[in-house]
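Asker: Quick one: the structure is below, questions incoming.
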Amino acid sequence: MSTLHLVRQSAFATNDFAQCLSVVDHQDSIVLMDDGCYNLKHSLMDSLIKRVEGTLGIHVITSHAQARALDITAEIQHIEMSDVVELTFNHTKVITWQ
Amino acid sequence: MTSSNIKEISDLSPDSGLAIINSKAPFSSNNGKDALDVALIFGSFEQKVSLFFQGDGVYQLIANQDGSLVSIKDYLKTFSAFEFYDIDDIYVCQQSLVNRQLDENFHINDVQVLPSSEFASALNCHKHVLRF
């Protein structure tokens, strides 16, 4: 049972991302989209990357990050909106954090 | 915050007019666009307006953004019109920038980055406040 987490809110404004990380499992994937892209620069993301050491897929929608003038680091996979479709099929369920 | 601080800023702008606080990120809601519209309307009626950027609102000022990538009409470009509407007092909360690991690299000039106490003093010398 794996879950795809769609994170759409800034962790600087809401605690949705913190709640997401409290239930995330090692076989899950996270997609940052819309204001969720701002979480790339949040301390929660730094500690998440250290904690999972590559076992968890962390993705960001390239155009959403680019629109916000955010740099994407190497630990994060750049994807397009069309790739989200495939991710939904590869996971048992989807949770949207918004 | 000290009373001398408040006095100092009040002396700089005795009739401080309207303060508009921007607290939301630019692309996921209409708040930023609405605040901009209100600021320009007040400006065109020669009412004095000061702009405050706090929390996620600071993202509205960051350089190299492109709303067209997410199919949004980029109202941020209109910020460069502020000087023609005599909107000169633009304040940014320094702590909000630090929390978000943002540099002071803005897409408009003459932005004043203030530490929390001075940001509060600047806001508190305004009689009317709208928050978006």
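Identifiers in the structure tokens: chain A, B, ... in order shown; residue index from 1 per chain; ligand index from 1 in order shown.
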Taking only C-alpha atoms into account, what are the residues of chain A at most 6 Å from chain B, put as a ChimeraX atom specification?

Answerer: /A:63,67-69

Asker: How would the residues just chosen look if you wrote them out with C-alpha atoms as a tab-separated table (two decimals), in the first residue's frame?

Answerer:
chain	number	residue	atom	x	y	z
A	63	SER	CA	6.87	24.91	-14.44
A	67	ALA	CA	7.11	30.47	-12.25
A	68	ARG	CA	8.02	31.18	-8.62
A	69	ALA	CA	11.73	31.72	-9.41

Asker: Could you list, as an NGL selection string, every residue within 9 Å of Ser80 (chain B), counting only C-alpha atoms and ignoring same-chain residues fewer than 6 positions away?

Answerer: :B and (107-109)

Asker: Can you spit out the residues from that selection as a PDB file, in the first residue's frame, using N, CA and C atoms?

Answerer:
ATOM      1  N   HIS B 107      12.092  42.624  -7.810  1.00  0.00           N
ATOM      2  CA  HIS B 107      11.882  43.054  -9.193  1.00  0.00           C
ATOM      3  C   HIS B 107      11.495  44.526  -9.290  1.00  0.00           C
ATOM      4  N   ILE B 108      11.414  45.234  -8.154  1.00  0.00           N
ATOM      5  CA  ILE B 108      11.245  46.689  -8.187  1.00  0.00           C
ATOM      6  C   ILE B 108      12.314  47.331  -7.298  1.00  0.00           C
ATOM      7  N   ASN B 109      12.578  48.615  -7.543  1.00  0.00           N
ATOM      8  CA  ASN B 109      13.607  49.320  -6.766  1.00  0.00           C
ATOM      9  C   ASN B 109      12.988  50.001  -5.549  1.00  0.00           C
TER      10      ASN B 109
END

Asker: Could you please write out, as a list in words, every residue of chain A that DSSP assigns to strand (DSSP E or B)?

Answerer: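 Put together, the selection reads Thr3, Leu4, His5, Leu6, Val7, Ser29, Ile30, Val31, Leu32, Gly57, Ile58, His59, Val60, Ile61, Gln77, His78, Ile79, Lys93, Val94, Ile95, Thr96 and Trp97 of chain A.
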
Asker: Distance CA of Leu18 (chain B)-CA of Val92 (chain B), one decimal place?

Answerer: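 Separation between CA of Leu18 (chain B) and CA of Val92 (chain B): 16.1 Å.
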
Asker: Could you please write out, as number ranges by chain, every residue of chain A that DSSP assigns to helix (DSSP H, G or I)?

Answerer: A: 16-23, 34-41, 43-52, 62-67, 81-90

Asker: Take the residues from that selection and put them in a file with C-alpha atoms, as a PDB file, in the first residue's frame.

Answerer:
ATOM      1  CA  ASP A  16      -0.360  20.909   5.769  1.00  0.00           C
ATOM      2  CA  PHE A  17       3.171  19.885   4.778  1.00  0.00           C
ATOM      3  CA  ALA A  18       4.055  19.085   8.397  1.00  0.00           C
ATOM      4  CA  GLN A  19       0.926  16.918   8.646  1.00  0.00           C
ATOM      5  CA  CYS A  20       1.853  15.183   5.379  1.00  0.00           C
ATOM      6  CA  LEU A  21       5.341  14.382   6.687  1.00  0.00           C
ATOM      7  CA  SER A  22       3.905  12.984   9.905  1.00  0.00           C
ATOM      8  CA  VAL A  23       2.069  10.226   7.981  1.00  0.00           C
ATOM      9  CA  ASP A  34       1.441  25.195  -6.831  1.00  0.00           C
ATOM     10  CA  ASP A  35       2.439  26.941  -3.564  1.00  0.00           C
ATOM     11  CA  GLY A  36       3.788  23.605  -2.305  1.00  0.00           C
ATOM     12  CA  CYS A  37       6.905  24.422  -4.383  1.00  0.00           C
ATOM     13  CA  TYR A  38       7.872  26.979  -1.723  1.00  0.00           C
ATOM     14  CA  ASN A  39       8.527  24.034   0.614  1.00  0.00           C
ATOM     15  CA  LEU A  40      11.751  23.385  -1.364  1.00  0.00           C
ATOM     16  CA  LYS A  41      13.306  26.094   0.823  1.00  0.00           C
ATOM     17  CA  SER A  43      13.633  23.493   6.936  1.00  0.00           C
ATOM     18  CA  LEU A  44      11.117  20.589   6.950  1.00  0.00           C
ATOM     19  CA  MET A  45      12.370  19.670   3.454  1.00  0.00           C
ATOM     20  CA  ASP A  46      16.021  19.681   4.556  1.00  0.00           C
ATOM     21  CA  SER A  47      15.270  17.335   7.439  1.00  0.00           C
ATOM     22  CA  LEU A  48      13.077  15.137   5.193  1.00  0.00           C
ATOM     23  CA  ILE A  49      15.877  14.693   2.635  1.00  0.00           C
ATOM     24  CA  LYS A  50      18.284  13.706   5.432  1.00  0.00           C
ATOM     25  CA  ARG A  51      15.729  11.336   6.985  1.00  0.00           C
ATOM     26  CA  VAL A  52      14.737   9.370   3.858  1.00  0.00           C
ATOM     27  CA  THR A  62       9.070  22.138 -13.049  1.00  0.00           C
ATOM     28  CA  SER A  63       6.868  24.910 -14.443  1.00  0.00           C
ATOM     29  CA  HIS A  64       5.323  25.643 -11.026  1.00  0.00           C
ATOM     30  CA  ALA A  65       8.772  26.070  -9.441  1.00  0.00           C
ATOM     31  CA  GLN A  66      10.092  28.096 -12.390  1.00  0.00           C
ATOM     32  CA  ALA A  67       7.110  30.468 -12.253  1.00  0.00           C
ATOM     33  CA  MET A  81       2.000  17.663 -14.959  1.00  0.00           C
ATOM     34  CA  SER A  82       1.565  14.699 -17.368  1.00  0.00           C
ATOM     35  CA  ASP A  83       3.945  12.612 -15.219  1.00  0.00           C
ATOM     36  CA  VAL A  84       1.547  13.003 -12.271  1.00  0.00           C
ATOM     37  CA  VAL A  85      -0.937  10.834 -14.163  1.00  0.00           C
ATOM     38  CA  GLU A  86       1.559   7.982 -14.246  1.00  0.00           C
ATOM     39  CA  LEU A  87       2.407   8.482 -10.569  1.00  0.00           C
ATOM     40  CA  THR A  88      -1.276   8.150  -9.617  1.00  0.00           C
ATOM     41  CA  PHE A  89      -1.363   4.747 -11.361  1.00  0.00           C
ATOM     42  CA  ASN A  90       1.825   3.613  -9.602  1.00  0.00           C
TER      43      ASN A  90
END

Asker: Which is closer to His42 (chain A) than all the others in A:Ser2, A:Ser29, A:Gln98, A:Asn15, using only C-alpha atoms?

Answerer: A:Asn15

Asker: List the spatial neighbours of Lys127 (chain B) as an MDAnalysis selection string - criterion: any atom at most 9 Å away, only C-alpha atoms, same-chain residues fewer than 6 positions off excluded.

Answerer: chainID B and resid 15:19

Asker: If we count only C-alpha atoms, what is near region 93-96 of chain A at a cut-off of 6 Å, once residues fewer than 4 positions away on the same chain are taken out, given as a PyMOL selection string?

Answerer: chain A and resi 3-6

Asker: Go ahead and write the selection's residues with C-alpha atoms as a PDB file, in the first residue's frame.

Answerer:
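This went into again.pdb:
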ATOM      1  CA  THR A   3       0.425   6.682  -1.218  1.00  0.00           C
ATOM      2  CA  LEU A   4       0.999   9.612  -3.542  1.00  0.00           C
ATOM      3  CA  HIS A   5       1.058  12.883  -1.608  1.00  0.00           C
ATOM      4  CA  LEU A   6       0.166  16.014  -3.574  1.00  0.00           C
TER       5      LEU A   6
END

Asker: Would you work out the distance separating CA of Tyr91 (chain B) from CA of Phe45 (chain B), expressed in Å to one decimal?

Answerer: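 For CA of Tyr91 (chain B) relative to CA of Phe45 (chain B), the distance reads 21.6 Å.
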
Asker: Could you tell me how far CA of Asp89 (chain B) lies from CA of Val111 (chain B), in Å and to one decimal?

Answerer: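 Distance reported for this atom pair: 7.6 Å.
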